[in-house]
$ cat input31.txt   # compact mmCIF, C-alpha atoms
# COMPACT_ATOMS: atom_id res chain seq x y z
CA MET A 1 96.62 89.28 50.05
CA ARG A 2 96.96 90.71 53.55
CA LYS A 3 96.03 88.41 56.42
CA ILE A 4 94.02 89.76 59.35
CA THR A 5 93.13 87.76 62.47
CA ILE A 6 90.34 89.01 64.74
CA VAL A 7 89.79 87.61 68.24
CA GLY A 8 86.12 87.98 69.10
CA ALA A 9 82.97 87.35 67.04
CA GLY A 10 80.88 90.24 68.31
CA GLN A 11 79.59 93.58 67.07
CA ALA A 12 83.04 94.99 66.23
CA GLY A 13 84.96 91.87 65.27
CA LEU A 14 82.43 90.64 62.75
CA LEU A 15 81.81 94.10 61.28
CA VAL A 16 85.52 94.50 60.56
CA GLY A 17 85.79 90.90 59.39
CA VAL A 18 82.88 91.07 56.94
CA GLY A 19 83.97 94.45 55.64
CA LEU A 20 87.54 93.30 54.95
CA VAL A 21 86.52 90.01 53.36
CA ARG A 22 84.33 92.00 50.98
CA LYS A 23 87.47 93.94 50.02
CA GLY A 24 89.50 90.79 49.32
CA TYR A 25 91.44 90.43 52.58
CA ASP A 26 92.28 87.04 54.07
CA VAL A 27 90.41 87.21 57.38
CA THR A 28 90.13 84.71 60.23
CA VAL A 29 87.83 85.32 63.20
CA ILE A 30 88.46 83.49 66.47
CA SER A 31 85.42 82.71 68.62
CA ASN A 32 85.06 80.65 71.78
CA ARG A 33 81.45 79.83 70.83
CA THR A 34 79.87 78.37 67.71
CA PRO A 35 76.82 80.03 66.13
CA GLU A 36 74.61 77.34 67.65
CA GLU A 37 76.08 77.91 71.11
CA ILE A 38 75.53 81.66 70.79
CA ARG A 39 71.91 81.29 69.63
CA ASN A 40 71.06 78.76 72.33
CA GLY A 41 72.99 80.49 75.10
CA ARG A 42 72.34 83.27 77.58
CA VAL A 43 71.61 86.83 76.43
CA THR A 44 74.70 89.01 76.41
CA SER A 45 73.45 92.60 76.22
CA SER A 46 70.65 94.99 75.33
CA GLN A 47 72.46 96.35 72.23
CA GLY A 48 70.40 99.41 71.26
CA MET A 49 71.55 100.71 67.86
CA GLN A 50 71.21 104.23 66.49
CA SER A 51 71.42 106.00 63.14
CA ILE A 52 75.20 106.20 62.64
CA PRO A 53 75.99 102.57 63.58
CA ILE A 54 72.91 101.35 61.69
CA GLN A 55 74.31 103.03 58.57
CA ILE A 56 77.68 101.34 59.20
CA GLU A 57 75.95 97.95 59.34
CA ARG A 58 74.12 98.79 56.13
CA GLU A 59 77.41 99.73 54.43
CA MET A 60 78.79 96.29 55.32
CA GLY A 61 75.70 94.51 53.98
CA LEU A 62 74.67 93.34 57.45
CA ARG A 63 71.19 94.84 57.91
CA LEU A 64 69.57 91.43 57.56
CA TRP A 65 66.25 91.93 59.38
CA GLU A 66 64.80 95.12 57.92
CA ASP A 67 62.01 93.26 56.14
CA ILE A 68 60.71 91.67 59.34
CA TYR A 69 61.67 94.09 62.13
CA HIS A 70 61.11 97.83 61.91
CA PRO A 71 62.86 100.63 63.85
CA TRP A 72 61.44 102.05 67.04
CA ASP A 73 58.62 104.56 66.69
CA GLY A 74 59.48 106.66 69.73
CA ALA A 75 61.55 107.31 72.84
CA GLN A 76 60.85 108.91 76.21
CA PHE A 77 62.98 110.18 79.09
CA ASN A 78 61.68 110.57 82.64
CA VAL A 79 63.27 112.00 85.78
CA LEU A 80 61.18 110.86 88.74
CA ASN A 81 60.31 112.59 91.98
CA PRO A 82 62.30 110.57 94.55
CA GLU A 83 59.48 110.79 97.12
CA THR A 84 56.46 109.89 94.98
CA GLY A 85 57.96 108.02 92.02
CA ALA A 86 55.89 110.20 89.67
CA ALA A 87 57.53 111.82 86.64
CA GLN A 88 58.99 115.20 87.57
CA HIS A 89 60.47 115.92 84.14
CA THR A 90 59.43 114.00 81.04
CA PHE A 91 60.00 114.45 77.32
CA SER A 92 59.61 112.26 74.25
CA LYS A 93 60.28 112.11 70.52
CA ARG A 94 58.81 110.25 67.57
CA LEU A 95 61.56 108.34 65.75
CA GLY A 96 62.24 106.75 62.40
CA PRO A 97 61.38 107.49 58.77
CA GLN A 98 57.80 106.39 59.41
CA ASN A 99 57.47 109.51 61.60
CA GLY A 100 59.44 111.85 59.36
CA CYS A 101 62.65 111.45 61.40
CA ALA A 102 64.96 109.56 59.05
CA ASP A 103 67.97 110.95 60.94
CA LEU A 104 66.74 109.42 64.22
CA VAL A 105 66.57 105.66 63.72
CA MET A 106 66.96 103.18 66.58
CA ASP A 107 66.43 99.46 67.02
CA SER A 108 67.73 96.40 68.88
CA ILE A 109 68.53 92.90 67.59
CA ASP A 110 69.34 90.26 70.22
CA GLN A 111 72.97 89.25 69.70
CA ARG A 112 71.81 85.64 69.86
CA VAL A 113 70.03 86.43 66.59
CA LYS A 114 72.55 88.83 65.08
CA MET A 115 75.91 87.17 65.65
CA PRO A 116 75.11 83.68 64.31
CA ALA A 117 73.68 85.24 61.14
CA TRP A 118 76.73 87.47 60.76
CA ILE A 119 79.05 84.49 61.22
CA TYR A 120 77.24 82.61 58.47
CA ARG A 121 77.43 85.68 56.23
CA PHE A 122 81.15 86.07 56.97
CA GLU A 123 81.77 82.46 55.95
CA GLU A 124 79.63 82.80 52.81
CA LEU A 125 81.88 85.68 51.74
CA GLY A 126 85.01 83.57 52.22
CA GLY A 127 85.99 84.37 55.79
CA LYS A 128 87.38 81.64 58.04
CA MET A 129 86.05 80.88 61.53
CA VAL A 130 88.15 79.15 64.19
CA TYR A 131 86.48 78.05 67.43
CA GLU A 132 88.87 78.03 70.38
CA ASP A 133 89.73 79.88 73.58
CA ALA A 134 92.54 82.30 72.81
CA GLU A 135 95.34 82.72 75.33
CA ILE A 136 98.71 84.51 75.20
CA ALA A 137 100.42 81.67 73.35
CA ASP A 138 97.62 81.71 70.79
CA LEU A 139 97.97 85.48 70.32
CA GLU A 140 101.67 84.96 69.65
CA ARG A 141 100.83 82.31 67.06
CA TYR A 142 98.22 84.51 65.39
CA ALA A 143 100.68 87.45 65.29
CA ALA A 144 103.38 85.30 63.69
CA GLN A 145 100.96 84.15 60.99
CA SER A 146 99.17 87.46 60.32
CA ASP A 147 99.84 90.99 59.16
CA LEU A 148 97.56 92.27 61.94
CA VAL A 149 95.80 90.82 64.98
CA LEU A 150 92.81 92.66 66.46
CA VAL A 151 91.45 91.82 69.91
CA ALA A 152 87.72 92.57 69.93
CA SER A 153 86.79 90.57 73.01
CA GLY A 154 85.95 93.26 75.52
CA LYS A 155 84.62 91.47 78.61
CA GLY A 156 86.70 88.29 78.27
CA GLU A 157 90.04 87.45 79.83
CA ILE A 158 92.00 88.30 76.68
CA GLY A 159 90.63 91.85 76.66
CA LYS A 160 91.71 92.32 80.28
CA LEU A 161 95.35 91.79 79.26
CA LEU A 162 95.37 95.26 77.77
CA GLU A 163 96.69 97.91 80.17
CA ARG A 164 94.20 100.26 81.84
CA ASP A 165 94.75 103.90 80.91
CA PRO A 166 94.50 105.82 84.23
CA GLU A 167 94.34 109.21 82.49
CA LYS A 168 91.26 108.28 80.49
CA SER A 169 89.56 105.98 83.04
CA ARG A 170 87.55 108.05 85.50
CA PHE A 171 86.40 105.16 87.70
CA ASP A 172 88.19 102.21 89.24
CA LYS A 173 85.10 100.38 90.49
CA PRO A 174 81.64 99.49 89.17
CA MET A 175 79.26 102.43 89.32
CA ARG A 176 76.07 100.42 88.80
CA ALA A 177 74.73 96.96 89.61
CA LEU A 178 73.42 95.78 86.25
CA GLY A 179 70.55 93.53 85.33
CA LEU A 180 68.35 92.85 82.35
CA ALA A 181 65.48 90.60 81.37
CA TYR A 182 63.98 89.79 77.97
CA VAL A 183 60.21 89.67 78.38
CA LYS A 184 56.95 89.48 76.46
CA GLY A 185 53.50 90.78 77.40
CA MET A 186 54.50 94.36 78.25
CA LEU A 187 52.00 97.14 77.57
CA PRO A 188 52.95 100.15 75.38
CA ALA A 189 54.35 103.29 76.99
CA GLN A 190 52.13 106.35 77.28
CA THR A 191 53.75 109.75 76.68
CA ARG A 192 52.53 113.18 77.63
CA ASP A 193 52.87 114.76 74.20
CA HIS A 194 53.18 112.03 71.60
CA GLY A 195 50.64 109.43 72.63
CA GLU A 196 51.47 105.74 72.69
CA ILE A 197 54.90 104.24 72.03
CA ARG A 198 54.39 100.63 71.00
CA ARG A 199 57.92 99.95 69.81
CA GLY A 200 60.65 102.08 71.34
CA LEU A 201 62.61 103.20 74.39
CA THR A 202 61.56 104.47 77.79
CA TRP A 203 64.32 105.67 80.15
CA SER A 204 63.62 106.63 83.77
CA ALA A 205 65.87 107.85 86.58
CA HIS A 206 65.00 107.61 90.27
CA PRO A 207 67.51 109.95 91.99
CA GLY A 208 69.59 108.26 94.65
CA VAL A 209 68.36 104.78 93.66
CA GLY A 210 69.22 104.14 90.03
CA GLU A 211 67.87 104.00 86.51
CA TYR A 212 65.53 101.72 84.61
CA PHE A 213 65.00 101.65 80.89
CA VAL A 214 63.15 99.37 78.56
CA CYS A 215 63.39 98.94 74.81
CA ASN A 216 61.77 96.86 72.12
CA ALA A 217 63.91 94.17 70.48
CA LEU A 218 63.91 91.21 68.13
CA THR A 219 64.90 88.00 69.90
CA THR A 220 65.02 84.32 68.94
CA THR A 221 61.26 83.92 69.48
CA GLY A 222 60.18 87.18 67.82
CA GLU A 223 59.62 90.69 69.17
CA CYS A 224 60.03 91.35 72.88
CA ASP A 225 60.96 94.07 75.34
CA ILE A 226 64.21 94.28 77.30
CA MET A 227 64.02 95.48 80.91
CA ILE A 228 67.35 97.07 81.90
CA PHE A 229 68.24 97.92 85.50
CA GLU A 230 71.05 100.22 86.67
CA GLY A 231 71.09 100.17 90.47
CA ILE A 232 73.49 102.09 92.66
CA PRO A 233 75.75 99.40 94.19
CA GLY A 234 74.62 98.43 97.66
CA GLY A 235 71.33 100.27 97.20
CA PRO A 236 67.77 98.93 97.15
CA MET A 237 67.91 98.06 93.42
CA ASP A 238 71.01 95.93 93.91
CA ILE A 239 69.06 92.66 94.25
CA LEU A 240 69.32 91.06 90.79
CA ASP A 241 71.35 87.87 90.47
CA THR A 242 70.85 85.21 87.81
CA ARG A 243 71.91 82.58 90.35
CA ASP A 244 68.47 83.02 91.93
CA GLY A 245 66.93 81.33 88.89
CA PRO A 246 64.66 82.83 86.24
CA GLU A 247 61.41 82.86 88.26
CA LYS A 248 62.86 84.59 91.32
CA TYR A 249 64.89 86.92 89.11
CA LEU A 250 61.77 88.16 87.32
CA GLN A 251 59.96 88.58 90.64
CA ASN A 252 62.82 90.78 91.87
CA CYS A 253 62.63 92.84 88.67
CA LEU A 254 58.93 93.46 89.23
CA SER A 255 59.44 94.32 92.90
CA ILE A 256 61.95 97.01 91.90
CA LEU A 257 59.47 98.47 89.43
CA GLU A 258 56.58 98.40 91.88
CA ARG A 259 58.60 100.21 94.52
CA PHE A 260 60.56 102.75 92.49
CA PHE A 261 59.06 102.98 88.99
CA PRO A 262 55.31 102.59 89.50
CA ALA A 263 54.26 103.77 86.02
CA GLU A 264 56.55 101.16 84.47
CA TYR A 265 55.25 98.51 86.85
CA GLU A 266 51.73 99.05 85.49
CA ARG A 267 53.02 98.11 82.04
CA CYS A 268 54.57 94.91 83.36
CA ARG A 269 51.87 93.22 85.45
CA ASN A 270 51.49 90.39 82.93
CA VAL A 271 55.02 90.00 81.59
CA GLU A 272 56.88 86.72 81.38
CA LEU A 273 60.40 85.87 80.30
CA THR A 274 60.98 85.07 76.65
CA ASP A 275 63.17 82.15 77.81
CA ASP A 276 65.00 81.02 80.92
CA LEU A 277 68.31 82.32 79.52
CA GLY A 278 66.86 85.76 78.79
CA ILE A 279 68.30 87.24 82.00
CA LEU A 280 71.67 88.75 82.84
CA SER A 281 73.29 90.36 85.87
CA GLY A 282 76.73 91.69 86.76
CA ARG A 283 78.84 94.78 87.25
CA PHE A 284 82.10 96.14 85.93
CA PRO A 285 84.13 99.36 86.19
CA PRO A 286 83.91 101.56 83.08
CA THR A 287 87.44 101.32 81.70
CA ILE A 288 89.57 102.78 78.93
CA ARG A 289 92.61 100.67 78.07
CA LYS A 290 95.71 101.34 76.02
CA PRO A 291 95.26 99.88 72.53
CA ILE A 292 98.55 98.02 72.12
CA LEU A 293 99.34 94.70 73.78
CA ASN A 294 103.03 93.77 73.70
CA LEU A 295 103.43 90.00 73.64
CA PRO A 296 106.23 88.11 75.42
CA ASN A 297 107.79 87.05 72.09
CA GLY A 298 108.00 90.65 70.87
CA GLY A 299 104.86 90.66 68.77
CA GLN A 300 102.07 93.19 69.10
CA VAL A 301 98.29 93.05 68.79
CA MET A 302 95.70 95.83 68.87
CA GLY A 303 92.63 96.06 71.07
CA ILE A 304 89.44 97.54 69.62
CA ALA A 305 85.91 98.38 70.75
CA ASP A 306 84.97 97.15 74.26
CA ALA A 307 88.45 95.71 74.73
CA VAL A 308 89.77 99.26 75.06
CA CYS A 309 86.67 101.45 75.48
CA LEU A 310 84.24 99.83 77.92
CA ASN A 311 81.34 102.09 78.93
CA ASP A 312 78.61 101.55 81.48
CA PRO A 313 75.32 100.75 79.66
CA ILE A 314 73.48 103.72 81.22
CA THR A 315 73.47 105.65 77.93
CA GLY A 316 73.02 102.58 75.70
CA GLN A 317 76.23 103.24 73.77
CA GLY A 318 78.08 99.91 73.95
CA ALA A 319 77.13 98.33 70.63
CA CYS A 320 77.05 101.75 68.95
CA ASN A 321 80.63 102.53 70.01
CA ALA A 322 81.72 99.06 68.92
CA ALA A 323 80.31 99.68 65.44
CA LYS A 324 81.91 103.13 65.22
CA PHE A 325 85.28 101.76 66.36
CA ALA A 326 84.97 98.92 63.83
CA LYS A 327 84.40 101.44 61.04
CA ALA A 328 87.40 103.51 62.12
CA VAL A 329 89.65 100.43 62.11
CA TYR A 330 88.23 99.17 58.81
CA ASP A 331 88.87 102.52 57.13
CA ALA A 332 92.39 102.74 58.59
CA ILE A 333 93.26 99.25 57.34
CA LEU A 334 92.13 100.08 53.82
CA LEU A 335 94.10 103.34 53.85
CA ARG A 336 97.24 101.54 55.09
CA GLY A 337 97.63 99.61 51.85
CA ASN A 338 100.71 97.38 52.02
CA GLU A 339 102.49 99.28 54.78
CA ALA A 340 103.14 97.59 58.12
CA PHE A 341 100.50 97.69 60.86
CA ASP A 342 103.07 98.82 63.40
CA ALA A 343 102.64 100.30 66.87
CA GLU A 344 102.53 103.84 65.50
CA TRP A 345 99.65 102.92 63.18
CA MET A 346 97.78 101.17 66.02
CA GLN A 347 98.10 104.18 68.31
CA GLN A 348 97.14 106.66 65.60
CA THR A 349 94.09 104.59 64.69
CA PHE A 350 92.96 104.52 68.32
CA ASP A 351 93.66 108.23 68.76
CA GLY A 352 91.54 109.04 65.71
CA PHE A 353 88.63 107.08 67.17
CA TRP A 354 89.14 108.59 70.64
CA GLU A 355 88.75 112.14 69.29
CA LYS A 356 85.05 111.36 68.84
CA ALA A 357 84.58 108.60 71.44
CA LYS A 358 85.74 110.81 74.31
CA TYR A 359 82.53 112.84 74.07
CA CYS A 360 80.45 109.71 74.53
CA VAL A 361 82.64 108.53 77.41
CA ASP A 362 82.38 111.90 79.17
CA TRP A 363 78.59 111.94 78.75
CA THR A 364 78.20 108.36 79.97
CA ASN A 365 80.44 108.96 82.98
CA ALA A 366 78.51 112.11 83.86
CA MET A 367 75.25 110.17 83.91
CA LEU A 368 76.73 107.90 86.60
CA LEU A 369 77.27 110.81 89.00
CA GLU A 370 75.08 113.38 90.71
CA PRO A 371 73.60 115.54 87.94
CA SER A 372 75.50 118.76 87.35
CA PRO A 373 73.60 122.08 87.31
CA ALA A 374 73.97 122.13 83.53
CA GLN A 375 72.57 118.63 83.19
CA GLN A 376 69.67 119.43 85.50
CA LYS A 377 68.79 122.51 83.46
CA MET A 378 68.94 120.60 80.16
CA MET A 379 66.70 117.79 81.40
CA ALA A 380 64.22 120.11 83.09
CA THR A 381 63.96 122.45 80.11
CA ALA A 382 63.60 119.54 77.69
CA SER A 383 60.31 118.68 79.37
CA GLN A 384 59.00 122.13 78.37
CA ASN A 385 60.88 122.83 75.13
CA GLN A 386 60.93 120.22 72.36
CA LYS A 387 63.93 121.88 70.68
CA VAL A 388 66.03 121.24 73.78
CA ALA A 389 64.68 117.68 73.93
CA ASP A 390 65.72 117.19 70.31
CA VAL A 391 69.30 118.19 71.17
CA ILE A 392 69.38 115.38 73.76
CA PHE A 393 67.85 112.80 71.43
CA ARG A 394 70.29 113.61 68.64
CA GLY A 395 73.11 113.55 71.18
CA MET A 396 72.37 109.88 71.77
CA ASP A 397 73.62 109.20 68.23
CA ASP A 398 76.44 111.75 68.32
CA ALA A 399 77.43 112.72 71.88
CA GLN A 400 79.53 115.63 70.65
CA ARG A 401 76.21 117.44 70.18
CA LEU A 402 75.80 117.43 73.99
CA HIS A 403 79.07 119.27 74.57
CA PRO A 404 79.50 121.63 76.31
CA TYR A 405 75.83 121.97 77.26
CA PHE A 406 75.64 119.00 79.66
CA PHE A 407 78.80 120.11 81.48
CA ASP A 408 78.94 123.91 81.50
CA GLU A 409 76.07 125.82 83.09
CA ALA A 410 76.74 129.01 81.14
CA ALA A 411 76.75 127.08 77.85
CA ALA A 412 73.49 125.35 78.85
CA ASP A 413 71.91 128.72 79.65
CA ASP A 414 73.05 130.12 76.32
CA LEU A 415 71.67 127.17 74.33
CA ILE A 416 68.38 127.19 76.21
CA GLY A 417 68.05 130.91 75.61
CA GLN A 418 68.74 130.53 71.88
CA LEU A 419 66.28 127.67 71.46
CA SER A 420 63.62 129.40 73.53
CA ASN A 421 63.74 132.47 71.31
CA SER A 422 64.01 130.74 67.95

$ encode --input "input31.txt" --output "structure tokens"
Amino acid sequence: MRKITIVGAGQAGLLVGVGLVRKGYDVTVISNRTPEEIRNGRVTSSQGMQSIPIQIEREMGLRLWEDIYHPWDGAQFNVLNPETGAAQHTFSKRLGPQNGCADLVMDSIDQRVKMPAWIYRFEELGGKMVYEDAEIADLERYAAQSDLVLVASGKGEIGKLLERDPEKSRFDKPMRALGLAYVKGMLPAQTRDHGEIRRGLTWSAHPGVGEYFVCNALTTTGECDIMIFEGIPGGPMDILDTRDGPEKYLQNCLSILERFFPAEYERCRNVELTDDLGILSGRFPPTIRKPILNLPNGGQVMGIADAVCLNDPITGQGACNAAKFAKAVYDAILLRGNEAFDAEWMQQTFDGFWEKAKYCVDWTNAMLLEPSPAQQKMMATASQNQKVADVIFRGMDDAQRLHPYFFDEAAADDLIGQLSNS
């Protein structure tokens, strides 16, 4: 029986762990927090999930809330007029099998709900949990005792040991000041074409200031909405800091909405936090790292998911990419059989994932910069042509669908022309 050790009990680590245990592997997951500490701790992300990663979770037997929490019923994109704050371009889409869109399914489960349940499931299947902070000496010990060690701790200190890849990393500094708040009491979104969205996503961009999006989620106290702020660093949205305390933090969230996203502010006049730990703030540079960490004693471990492919949340791809990377690693481990998990295998496994992930990284990075002419045309036309809007919505699940149209003006013109005449 092959022994696999995974550092990190998050979206990727537990997906790989559960999948391999189900196949008879000896798997240990290292976590620096117990399930109780995760559930009772601070929120960690907004974790919007889409059709492909949802199917991966289903394959691993980890869709545990489908009887009590249903997918989103719609999504809307808005580009605001920077002078008035009114929507300049807006388009929406009904989502989910309940609306005849089984290929467009999205939802969000608070990781304080998801990860404890997945840990319990992992243990029920025979997996072993170890609760400790992993350092270099611990990685050496894991490597000596295991056939393969995976580092799936993206934002922790262990993940930062992996070397930054300058060829794949476009930025060397944070491109957005990030904040989020889990709230209850928000009113439904109103769309121009598809009526009310009670459970879903609304994404709005205020040029030169930043972006705000909100999505429905299941948290520890039931359904809620997650307010997500992406402010340009040093700009007027860069005022969110959890050190201010929950009451002041929420006030600052509402002041941003009132000033820059007035339609969204009207939905939020009566909101309150789900809990005092339902807030988060920070910033980080989007970073691609090399997948192999060479240890001082000669051993090697492999980084996966956010540890090597850390995107800004502006496109909501973090948890989705983690799930897709987990599936790629899981499949590669099964295909490897009894052969060694050497450096060549680690690099090839990463390269196979990168062939698809690079499209998502390029799209996410582009959204952090001034919109290109191609991007402007796609967003503007989507507000008038639902077929163009559908390309963008499906690109959220598979970013390769957005290439080359978001980057090449001639390609955008060609696509728009085809869809306008079809």

$ closest_residue --input "input31.txt" --among "A:Ile197, A:Ile54, A:Ala217, A:Val18" --to "Tyr69 in chain A" --atoms "all atoms listed in the file"
A:Ala217

$ atom_distance --input "input31.txt" --atom1 "CA of Gly13 in chain A" --atom2 "CA of Ala152 in chain A"
5.5 Å

$ residues_around --input "input31.txt" --residues "range 20-34 of chain A" --least-positions-apart "3" --cutoff "9 Å" --atoms "all atoms listed in the file" --output "PyMOL selection string"
chain A and resi 1-10+13-17+37-39+60+116+119+122+125-134+330+333-334

$ closest_residue --input "input31.txt" --among "A:Leu254, A:Arg269, A:Lys173, A:Met106" --to "Gln47 in chain A" --atoms "all atoms listed in the file"
A:Met106

$ closest_residue --input "input31.txt" --among "A:Gly159, A:Glu223, A:Ser92, A:Asp165" --to "Trp65 in chain A" --atoms "only C-alpha atoms"
A:Glu223

$ atom_distance --input "input31.txt" --atom1 "CA of Val361 in chain A" --atom2 "CA of Val214 in chain A"
21.6 Å
